[in-house]
>>> print(open('input_36.txt').read())   # compact mmCIF, C-alpha atoms
# COMPACT_ATOMS: atom_id res chain seq x y z
CA MET A 1104 -14.57 61.74 16.15
CA PHE A 1105 -15.31 58.83 18.52
CA THR A 1106 -13.26 55.70 17.89
CA ILE A 1107 -13.16 52.36 19.70
CA THR A 1108 -10.26 50.09 18.90
CA LEU A 1109 -10.10 46.39 19.86
CA LEU A 1110 -6.64 45.22 20.88
CA LEU A 1111 -5.96 41.49 20.89
CA ASN A 1112 -3.90 39.85 23.57
CA PRO A 1113 -0.31 39.54 22.27
CA ASN A 1114 0.36 36.68 24.69
CA LYS A 1115 -1.81 34.45 22.53
CA GLY A 1116 0.21 34.96 19.38
CA ASP A 1117 -1.64 37.93 17.95
CA SER A 1118 0.31 40.89 16.60
CA TYR A 1119 -0.29 44.57 16.21
CA ALA A 1120 0.80 44.63 12.56
CA SER A 1121 -2.68 45.59 11.42
CA LEU A 1122 -2.87 48.59 13.72
CA ASN A 1123 -2.08 52.00 12.40
CA GLU A 1124 0.68 54.15 13.79
CA HIS A 1125 -1.59 56.13 16.15
CA GLU A 1126 -2.96 53.00 17.73
CA LYS A 1127 0.52 51.56 18.21
CA ASN A 1128 1.73 54.71 19.89
CA LEU A 1129 -1.37 54.87 22.09
CA THR A 1130 -0.99 51.21 23.06
CA ALA A 1131 2.61 51.78 24.05
CA HIS A 1132 1.53 54.80 26.09
CA ILE A 1133 -1.17 52.82 27.94
CA LYS A 1134 1.06 49.84 28.68
CA ILE A 1135 3.36 52.07 30.70
CA TYR A 1136 0.70 52.69 33.35
CA LEU A 1137 -1.36 49.51 33.33
CA THR A 1138 -0.34 46.53 35.41
CA GLU A 1139 -1.51 42.98 35.10
CA HIS A 1140 -1.43 41.37 38.57
CA SER A 1141 -1.49 44.20 41.11
CA PRO A 1142 -2.88 47.72 41.46
CA SER A 1143 -1.13 50.31 39.36
CA PRO A 1144 1.16 52.64 41.35
CA TRP A 1145 -0.33 55.56 39.40
CA MET A 1146 -3.88 54.82 40.60
CA TYR A 1147 -5.51 58.06 41.77
CA ASN A 1148 -5.80 58.21 45.56
CA ASN A 1149 -5.22 54.47 45.57
CA THR A 1150 -9.01 54.08 45.27
CA VAL A 1151 -11.33 51.80 43.30
CA PHE A 1152 -14.89 53.00 42.74
CA CYS A 1153 -17.72 50.44 42.49
CA MET A 1154 -21.41 50.87 41.80
CA VAL A 1155 -24.38 48.57 41.28
CA ASP A 1156 -27.17 49.06 38.74
CA LEU A 1157 -30.26 46.99 39.61
CA TYR A 1158 -32.13 45.81 36.53
CA GLN A 1159 -34.99 43.66 37.85
CA ILE A 1160 -36.24 41.60 40.78
CA LEU A 1161 -36.82 38.25 39.08
CA GLY A 1162 -38.54 36.59 42.00
CA VAL A 1163 -38.62 35.95 45.73
CA GLU A 1164 -38.32 32.46 47.20
CA GLU A 1165 -39.73 32.90 50.68
CA ARG A 1166 -39.35 29.28 51.73
CA SER A 1167 -35.58 29.45 51.07
CA ASN A 1168 -35.25 33.12 52.19
CA THR A 1169 -33.66 34.30 48.94
CA LEU A 1170 -34.16 37.14 46.49
CA ASN A 1171 -33.46 36.43 42.82
CA ALA A 1172 -32.23 39.61 41.12
CA LYS A 1173 -30.41 40.74 38.00
CA PHE A 1174 -27.95 43.60 38.30
CA TRP A 1175 -24.81 45.06 36.76
CA LEU A 1176 -21.61 45.61 38.68
CA TYR A 1177 -19.13 48.29 37.59
CA CYS A 1178 -15.69 48.90 39.12
CA PHE A 1179 -13.29 51.52 37.81
CA TYR A 1180 -10.32 53.61 38.87
CA PHE A 1181 -8.38 56.61 37.56
CA LEU A 1182 -4.85 56.82 36.16
CA LEU A 1183 -4.48 60.56 35.66
CA GLU A 1184 -0.92 60.24 34.33
CA MET A 1185 -2.29 58.05 31.54
CA GLU A 1186 -4.46 60.82 30.06
CA TRP A 1187 -4.03 61.58 26.39
CA ILE A 1188 -5.31 64.12 23.96
CA PRO A 1189 -7.54 62.38 21.39
CA ALA A 1190 -6.34 64.69 18.60
CA ASP A 1191 -2.77 63.44 19.06
CA TYR A 1192 -3.85 59.84 18.40
CA GLY A 1193 -6.14 60.12 15.43
CA GLY A 1194 -9.20 61.12 17.50
CA THR A 1195 -9.19 57.90 19.57
CA ARG A 1196 -11.04 58.57 22.83
CA MET A 1197 -11.39 55.00 24.15
CA MET A 1198 -9.51 51.73 23.89
CA MET A 1199 -11.14 48.33 24.44
CA PHE A 1200 -9.13 45.33 25.65
CA GLN A 1201 -9.89 41.70 26.14
CA GLN A 1202 -11.08 40.59 29.54
CA ASP A 1203 -8.33 40.27 32.21
CA ARG A 1204 -5.86 42.09 30.01
CA PHE A 1205 -4.87 44.22 33.02
CA TRP A 1206 -5.48 44.23 36.76
CA SER A 1207 -9.05 44.10 38.08
CA PRO A 1208 -10.02 44.68 41.71
CA ASP A 1209 -10.94 41.52 43.64
CA VAL A 1210 -14.45 42.67 44.55
CA GLU A 1211 -17.09 40.00 45.21
CA VAL A 1212 -20.74 39.82 46.27
CA ILE A 1213 -20.53 37.93 49.56
CA SER A 1214 -24.30 37.95 50.25
CA MET A 1215 -24.90 35.86 47.13
CA THR A 1216 -26.00 32.29 47.87
CA HIS A 1217 -26.03 31.13 44.25
CA ASN A 1218 -24.70 32.67 41.05
CA GLU A 1219 -27.06 31.51 38.32
CA TYR A 1220 -25.48 33.47 35.48
CA GLN A 1221 -22.63 35.95 35.02
CA SER A 1222 -21.22 37.52 31.89
CA SER A 1223 -18.24 39.88 31.84
CA TRP A 1224 -17.50 42.53 29.30
CA SER A 1225 -14.25 43.75 27.84
CA GLN A 1226 -12.12 46.24 29.72
CA PHE A 1227 -12.10 49.88 28.65
CA VAL A 1228 -9.65 52.74 28.96
CA GLN A 1229 -10.81 56.30 28.29
CA HIS A 1230 -8.74 59.31 27.29
CA ASP A 1231 -9.32 61.02 30.68
CA GLY A 1232 -7.55 58.17 32.50
CA THR A 1233 -10.68 56.24 33.54
CA VAL A 1234 -10.12 52.47 33.57
CA LEU A 1235 -13.29 50.33 33.61
CA ALA A 1236 -11.80 47.15 35.02
CA ILE A 1237 -15.04 45.27 35.84
CA GLY A 1238 -18.28 45.41 33.92
CA THR A 1239 -20.40 42.33 34.49
CA SER A 1240 -24.06 41.27 34.40
CA ILE A 1241 -25.08 38.98 37.27
CA ASN A 1242 -28.20 36.89 37.90
CA ALA A 1243 -27.89 35.81 41.51
CA LYS A 1244 -29.82 34.75 44.59
CA LEU A 1245 -29.27 37.04 47.56
CA SER A 1246 -29.81 35.88 51.11
CA CYS A 1247 -32.60 37.66 53.01
CA LYS A 1248 -34.37 37.46 56.33
CA PHE A 1249 -38.13 37.55 55.91
CA ASP A 1250 -40.53 38.83 58.54
CA VAL A 1251 -44.04 37.74 57.48
CA ARG A 1252 -45.94 38.81 60.58
CA ASN A 1253 -47.90 41.36 58.53
CA PHE A 1254 -48.51 39.03 55.55
CA PRO A 1255 -49.62 39.97 52.89
CA PHE A 1256 -48.74 43.57 53.79
CA ASP A 1257 -45.17 42.63 54.70
CA GLU A 1258 -41.95 44.45 53.86
CA HIS A 1259 -38.48 42.94 53.76
CA THR A 1260 -34.89 44.08 53.46
CA CYS A 1261 -32.29 42.13 51.49
CA ASN A 1262 -28.60 42.98 51.52
CA LEU A 1263 -26.31 43.11 48.50
CA LEU A 1264 -22.90 43.15 50.16
CA LEU A 1265 -19.68 43.95 48.28
CA ARG A 1266 -16.27 43.27 49.83
CA GLN A 1267 -12.62 43.03 48.92
CA ARG A 1268 -11.62 39.41 48.65
CA PHE A 1269 -7.83 39.19 49.07
CA PHE A 1270 -6.37 42.68 48.91
CA GLY A 1271 -7.17 44.67 52.05
CA THR A 1272 -7.31 48.38 52.77
CA ASP A 1273 -3.49 48.54 52.86
CA THR A 1274 -3.46 47.69 49.11
CA TYR A 1275 -6.33 49.83 47.82
CA ARG A 1276 -9.45 51.55 49.07
CA LEU A 1277 -12.97 50.59 47.97
CA SER A 1278 -15.28 53.58 47.55
CA TYR A 1279 -18.29 54.83 45.54
CA PRO A 1280 -18.51 57.49 42.81
CA ASN A 1281 -20.11 60.29 44.86
CA ALA A 1282 -17.94 59.79 47.94
CA LEU A 1283 -16.50 63.29 47.60
CA THR A 1284 -19.93 64.98 47.52
CA ASP A 1285 -22.61 65.37 50.15
CA ASP A 1286 -25.00 63.04 48.33
CA LYS A 1287 -25.94 59.78 50.03
CA PRO A 1288 -24.63 56.75 48.15
CA GLN A 1289 -27.42 54.97 46.31
CA MET A 1290 -27.91 52.10 43.92
CA MET A 1291 -28.43 53.01 40.28
CA LEU A 1292 -32.04 52.43 39.14
CA GLN A 1293 -32.12 54.11 35.72
CA ASN A 1294 -32.84 50.81 33.94
CA TYR A 1295 -34.96 49.17 36.64
CA VAL A 1296 -37.95 47.10 35.46
CA GLU A 1297 -40.86 46.86 37.92
CA ASN A 1298 -42.00 43.51 39.32
CA ASP A 1299 -45.75 42.79 39.49
CA GLN A 1300 -45.50 40.94 42.83
CA TRP A 1301 -42.94 43.03 44.71
CA GLU A 1302 -42.56 46.78 44.88
CA LEU A 1303 -39.09 48.24 45.29
CA VAL A 1304 -38.92 50.99 47.90
CA LYS A 1305 -36.78 53.75 46.43
CA PRO A 1306 -34.11 54.95 46.85
CA VAL A 1307 -31.87 51.98 47.59
CA GLU A 1308 -29.23 53.38 49.93
CA MET A 1309 -25.75 52.05 50.53
CA GLU A 1310 -23.84 51.88 53.79
CA ALA A 1311 -20.04 51.73 53.80
CA GLY A 1312 -18.13 49.89 56.49
CA PHE A 1313 -15.18 47.72 57.35
CA ALA A 1314 -14.64 44.05 58.10
CA LYS A 1315 -11.63 42.73 59.96
CA LEU A 1316 -10.52 39.20 59.11
CA ILE A 1317 -7.50 37.80 60.95
CA THR A 1318 -4.95 40.59 60.49
CA ASP A 1319 -6.33 42.45 57.45
CA THR A 1320 -9.11 45.02 57.20
CA TYR A 1321 -11.46 45.09 54.21
CA HIS A 1322 -13.88 47.67 52.88
CA LEU A 1323 -17.60 46.79 52.74
CA GLN A 1324 -20.44 48.24 50.70
CA ASN A 1325 -23.91 47.16 51.82
CA TYR A 1326 -26.83 47.97 49.50
CA LYS A 1327 -30.11 47.57 51.39
CA ILE A 1328 -32.80 46.44 48.96
CA HIS A 1329 -36.13 47.19 50.63
CA ILE A 1330 -39.09 45.44 48.98
CA ARG A 1331 -42.82 45.56 49.70
CA ARG A 1332 -45.30 42.85 48.70
CA VAL A 1333 -48.15 43.82 46.38
CA PRO A 1334 -51.10 42.35 48.38
CA ASP A 1335 -53.90 42.44 45.78
CA PHE A 1336 -53.56 38.79 44.74
CA TYR A 1337 -53.66 37.42 48.30
CA LEU A 1338 -56.51 39.74 49.23
CA ARG A 1339 -58.68 38.35 46.44
CA VAL A 1340 -57.85 34.65 46.68
CA LEU A 1341 -57.17 34.17 50.40
CA ILE A 1342 -58.15 36.93 52.84
CA TYR A 1343 -61.53 38.01 51.43
CA PRO A 1344 -62.79 34.39 50.98
CA THR A 1345 -61.62 33.52 54.51
CA LEU A 1346 -63.52 36.45 56.00
CA VAL A 1347 -66.66 35.60 53.99
CA VAL A 1348 -66.55 31.96 55.13
CA TYR A 1349 -66.01 33.07 58.72
CA VAL A 1350 -69.02 35.41 58.58
CA LEU A 1351 -71.14 32.63 57.06
CA SER A 1352 -70.39 30.45 60.08
CA VAL A 1353 -72.75 32.70 62.09
CA LEU A 1354 -75.61 31.24 60.04
CA THR A 1355 -75.13 27.97 61.93
CA PHE A 1356 -76.98 29.51 64.87
CA CYS A 1357 -79.76 30.80 62.59
CA LEU A 1358 -80.62 27.45 61.02
CA PRO A 1359 -83.71 25.74 62.55
CA PHE A 1360 -83.13 22.43 64.30
CA GLU A 1361 -85.64 20.72 62.01
CA SER A 1362 -83.42 21.41 58.95
CA GLY A 1363 -80.87 18.81 60.03
CA GLU A 1364 -77.99 20.84 58.50
CA LYS A 1365 -76.53 22.64 61.52
CA VAL A 1366 -73.69 20.16 62.09
CA SER A 1367 -73.06 19.71 58.34
CA LEU A 1368 -72.68 23.46 57.80
CA SER A 1369 -70.30 23.81 60.74
CA ILE A 1370 -68.07 20.94 59.60
CA THR A 1371 -68.01 22.26 56.01
CA ILE A 1372 -66.88 25.71 57.19
CA LEU A 1373 -64.30 24.08 59.48
CA LEU A 1374 -62.81 22.14 56.56
CA ALA A 1375 -62.73 25.30 54.42
CA GLN A 1376 -60.71 27.12 57.10
CA PHE A 1377 -58.26 24.21 57.25
CA VAL A 1378 -57.77 24.46 53.48
CA ASN A 1379 -57.05 28.20 53.80
CA LEU A 1380 -54.49 27.45 56.50
CA LEU A 1381 -52.74 24.97 54.18
CA VAL A 1382 -52.65 27.56 51.39
CA LEU A 1383 -51.11 30.06 53.79
CA SER A 1384 -48.45 27.58 54.95
CA ASP A 1385 -47.38 27.07 51.32
CA SER A 1386 -46.93 30.83 50.81
CA ILE A 1387 -44.74 31.75 53.77
CA PRO A 1388 -41.44 30.50 55.24
CA GLN A 1389 -41.68 27.63 57.68
CA SER A 1390 -40.61 29.66 60.67
CA SER A 1391 -41.86 29.51 64.25
CA VAL A 1392 -40.49 32.96 65.08
CA ASN A 1393 -42.41 35.20 62.69
CA PHE A 1394 -45.83 33.64 62.31
CA PRO A 1395 -48.24 35.89 60.37
CA VAL A 1396 -51.06 37.64 62.19
CA PHE A 1397 -53.46 36.41 59.52
CA GLY A 1398 -52.41 32.85 60.40
CA ILE A 1399 -53.29 33.53 64.04
CA PHE A 1400 -56.69 34.78 62.90
CA LEU A 1401 -57.15 31.59 60.87
CA LEU A 1402 -56.31 29.44 63.90
CA MET A 1403 -58.74 31.42 66.06
CA SER A 1404 -61.46 31.03 63.43
CA ILE A 1405 -60.84 27.26 63.36
CA VAL A 1406 -61.26 27.13 67.15
CA PHE A 1407 -64.44 29.21 66.99
CA VAL A 1408 -65.96 27.13 64.18
CA GLY A 1409 -65.06 23.99 66.15
CA PHE A 1410 -67.00 25.56 69.03
CA THR A 1411 -70.06 25.83 66.77
CA VAL A 1412 -69.81 22.11 65.98
CA VAL A 1413 -69.82 21.24 69.69
CA VAL A 1414 -72.73 23.59 70.44
CA SER A 1415 -74.73 22.20 67.51
CA VAL A 1416 -74.30 18.63 68.69
CA ILE A 1417 -75.29 19.48 72.29
CA THR A 1418 -78.33 21.57 71.36
CA LEU A 1419 -79.56 18.96 68.87
CA ASN A 1420 -79.42 16.31 71.61
CA LEU A 1421 -81.41 18.57 73.93
CA TYR A 1422 -83.91 19.53 71.25
CA TYR A 1423 -84.79 15.92 70.43
CA LYS A 1424 -84.51 14.60 73.98
CA SER A 1425 -87.17 12.13 75.10
CA SER A 1426 -90.14 13.53 77.07
CA SER A 1427 -89.91 10.70 79.60
CA SER A 1428 -87.45 12.72 81.70
CA SER A 1429 -88.13 16.26 82.83
CA PRO A 1430 -85.45 18.96 82.72
CA PRO A 1431 -83.42 19.26 85.96
CA TRP A 1432 -84.06 22.19 88.24
CA LEU A 1433 -81.01 24.10 86.97
CA LEU A 1434 -82.23 24.03 83.38
CA ARG A 1435 -85.77 24.86 84.55
CA LYS A 1436 -84.36 27.88 86.32
CA LEU A 1437 -82.64 28.84 83.08
CA LEU A 1438 -85.88 28.31 81.17
CA TYR A 1439 -88.05 30.42 83.48
CA SER A 1440 -85.38 33.06 84.09
CA ARG A 1441 -84.83 36.29 82.23
CA PHE A 1442 -83.45 34.36 79.21
CA ALA A 1443 -86.85 32.81 78.45
CA TRP A 1444 -88.13 35.89 76.59
CA PHE A 1445 -85.17 35.56 74.26
CA VAL A 1446 -86.89 32.66 72.44
CA GLY A 1447 -90.54 33.24 73.43
CA GLY A 1448 -90.45 31.14 76.59
CA ALA A 1449 -92.72 33.51 78.52
CA LYS A 1450 -95.81 31.95 76.89
CA LEU A 1451 -94.79 28.51 78.15
CA GLN A 1452 -94.13 29.98 81.57
CA ARG A 1453 -97.71 31.33 81.81
CA SER A 1454 -99.28 28.11 80.55
CA ARG A 1455 -97.19 26.13 83.02
CA LYS A 1456 -98.44 28.19 85.94
CA LEU A 1457 -102.05 27.88 84.75
CA SER A 1458 -101.85 24.09 84.46
CA ASN A 1459 -100.33 23.80 87.92
CA PHE A 1460 -103.15 25.93 89.30
CA THR A 1461 -105.97 23.97 87.65
CA GLY A 1462 -104.42 20.64 88.55
CA LYS A 1463 -104.89 21.34 92.24
CA ILE A 1464 -108.70 21.63 91.97
CA GLY A 1465 -110.71 18.43 92.32
CA PRO A 1466 -114.28 17.33 93.39
CA ILE A 1467 -114.02 16.77 97.16
CA HIS A 1468 -117.10 15.66 99.26
CA GLU A 1469 -117.83 15.36 103.01
CA SER A 1470 -119.26 11.79 103.37
CA ASN A 1471 -117.22 10.14 106.16
CA LYS A 1472 -118.57 9.68 109.66
CA ASP A 1473 -115.45 11.22 111.14
CA ASP A 1474 -116.03 14.18 108.81
CA ALA A 1475 -112.79 13.30 106.86
CA PRO A 1476 -112.73 14.43 103.24
CA THR A 1477 -113.33 11.57 100.82
CA ILE A 1478 -113.66 11.22 97.08
CA ASP A 1479 -116.70 9.44 95.81
CA PRO A 1480 -116.23 6.66 93.23
CA ILE A 1481 -117.66 8.71 90.38
CA SER A 1482 -115.22 11.58 90.97
CA GLU A 1483 -112.36 9.13 91.27
CA ASN A 1484 -113.18 7.68 87.87
CA VAL A 1485 -113.41 11.19 86.40
CA ILE A 1486 -109.91 12.02 87.76
CA LYS A 1487 -108.47 8.84 86.21
CA VAL A 1488 -110.00 9.70 82.86
CA GLU A 1489 -108.63 13.23 83.07
CA ALA A 1490 -105.15 11.89 83.90
CA MET A 1491 -105.26 9.59 80.88
CA VAL A 1492 -106.38 12.44 78.63
CA CYS A 1493 -103.83 14.95 79.99
CA GLU A 1494 -100.83 12.56 79.86
CA PRO A 1495 -100.03 13.31 76.19
CA ASP A 1496 -100.32 17.02 76.88
CA LYS A 1497 -97.87 16.68 79.75
CA ASN A 1498 -95.38 14.81 77.56
CA GLU A 1499 -95.74 17.44 74.87
CA GLU A 1500 -95.17 20.17 77.44
CA THR A 1501 -92.01 18.45 78.70
CA GLN A 1502 -90.69 18.09 75.16
CA GLN A 1503 -91.44 21.74 74.54
CA GLU A 1504 -89.41 22.62 77.62
CA TRP A 1505 -86.39 20.70 76.26
CA GLN A 1506 -86.77 22.44 72.92
CA LEU A 1507 -86.88 25.87 74.52
CA ILE A 1508 -83.81 25.05 76.63
CA ALA A 1509 -81.98 24.03 73.43
CA LEU A 1510 -83.05 27.28 71.75
CA ILE A 1511 -81.87 29.39 74.69
CA ILE A 1512 -78.46 27.71 74.77
CA ASP A 1513 -78.14 27.99 70.99
CA ARG A 1514 -79.00 31.70 70.91
CA CYS A 1515 -76.79 32.58 73.88
CA CYS A 1516 -73.81 30.74 72.33
CA GLY A 1517 -74.53 32.52 69.04
CA CYS A 1518 -74.28 35.91 70.76
CA ILE A 1519 -71.02 34.89 72.45
CA TYR A 1520 -69.68 33.64 69.11
CA VAL A 1521 -70.45 36.96 67.39
CA ILE A 1522 -68.85 39.00 70.19
CA PHE A 1523 -65.64 36.95 70.20
CA GLY A 1524 -65.56 36.85 66.40
CA VAL A 1525 -65.75 40.63 66.09
CA ALA A 1526 -63.08 40.97 68.79
CA ALA A 1527 -60.79 38.57 66.88
CA ILE A 1528 -61.21 40.54 63.64
CA ILE A 1529 -60.48 43.84 65.42
CA LEU A 1530 -57.44 42.50 67.30
CA CYS A 1531 -55.85 40.59 64.40
CA ASN A 1532 -56.87 43.17 61.78
CA PRO A 1533 -56.22 40.89 58.77
CA LEU A 1534 -56.94 43.75 56.33
CA GLN A 1535 -54.41 46.05 58.10
CA ILE A 1536 -56.94 48.89 58.19
>>> encode(input="input_36.txt", output="structure tokens")
Amino acid sequence: MFTITLLLNPNKGDSYASLNEHEKNLTAHIKIYLTEHSPSPWMYNNTVFCMVDLYQILGVEERSNTLNAKFWLYCFYFLLEMEWIPADYGGTRMMMFQQDRFWSPDVEVISMTHNEYQSSWSQFVQHDGTVLAIGTSINAKLSCKFDVRNFPFDEHTCNLLLRQRFFGTDTYRLSYPNALTDDKPQMMLQNYVENDQWELVKPVEMEAGFAKLITDTYHLQNYKIHIRRVPDFYLRVLIYPTLVVYVLSVLTFCLPFESGEKVSLSITILLAQFVNLLVLSDSIPQSSVNFPVFGIFLLMSIVFVGFTVVVSVITLNLYYKSSSSSPPWLLRKLLYSRFAWFVGGAKLQRSRKLSNFTGKIGPIHESNKDDAPTIDPISENVIKVEAMVCEPDKNEETQQEWQLIALIIDRCCGCIYVIFGVAAIILCNPLQI
């Protein structure tokens, strides 16, 4: 038969008159071994065992570097001399006392920045001498150090650190339940509820250590909570759209100059990348040490898209440049070099040579006494008429040269943009492939 009996605190005026004889005898037996303000001298191996049962990761506040978690903390010790045979006391196997009825170890969570909620249970004594001194449910914020360089594929480690508060190792030892076995100490996860934004890397191991403060030495238990971000949300709403917008920026070099939308498209894409950068800055800690690689890719894309704006403005000015001024010799060399075929400039090159050849031929006659070549008045009038007729063609040819120069510069910059863009994607690897 399993019986739990609630004993009221006699210091508050309650009495044990309502308890039966077995309960009175058992209470008197327990009071011999339990102490109220210090560890019991009958405590087995002078050791308190503590363990943590993680229930759920409630959230992660990256801007404040904290992890909000709910967990249970249990601390117990053994009083083997206090054992009793349940049959001798009416089958009672466990006694329940009010909180703080007897001594509890001064164990605290020192890595906790804020205790949002804590509820303590009653204290229990079992027939085998086990004393559950602390059983509490805690909702707390734990301090963490976030490294978001691989955002949104980042992983972080938060520490849940237990330590003795006042009593040092000379008073009692702080240990864990499986300290006497070869098993590695771990956090209990039997009741853990998964979080849809953060994945808990199991198992959660514990490291035991010591801390020396002034003249006393204290036991430490450090539970390393390793969490991994679930990246699906950020892939769909941030990374994939950013890559699509960046690829669309290549279309700036494919638009014809007559469309009048080259600069507008470049500025629109530039503003979209700035918006993505603002979204990223709201999702990560404001740290200059661990800046995400995806943020570097965003900054590089902003620089590259800004480059397209500059190229578009320059090429548009060249494309619509007045025909009154001919291209300088450097641009002519570019036009009639090996880059001319890139935009169909070879046809202009052939027509240019043909016009230069035909322009040198004119009607020359030998009519001077000194046999000097002269041009008769009729031929001179014909040349003037030809010059007036060919002037518009020459202007059109000059304008065509400026247009081809603009096309060559635009296409060459487009190739450079694609090469550097692919290199940026490979080096930054925003998809962590």
>>> atom_distance(input="input_36.txt", atom1="atom CA of A:Asp1319", atom2="atom CA of A:Phe1269")
9.1 Å
>>> closest_residue(input="input_36.txt", among="A:Ser1384, A:Ser1143, A:Asn1532, A:Thr1272", to="A:Glu1184", atoms="all atoms listed in the file")
A:Ser1143
>>> residues_around(input="input_36.txt", residues="A:Tyr1422", least_positions_apart="2", cutoff="12 Å", atoms="only C-alpha atoms", output="ChimeraX atom specification")
/A:1359-1361,1363,1414-1420,1424-1426,1430,1501-1513
>>> residues_around(input="input_36.txt", residues="A:Phe1410", least_positions_apart="3", cutoff="12 Å", atoms="only C-alpha atoms", output="PyMOL selection string")
chain A and resi 1352-1353+1355-1356+1366+1369-1370+1372-1373+1403-1407+1413-1417+1513+1516-1517+1519-1520+1523-1524
>>> atom_distance(input="input_36.txt", atom1="atom CA of A:Ser1207", atom2="atom CA of A:Pro1306")
28.7 Å
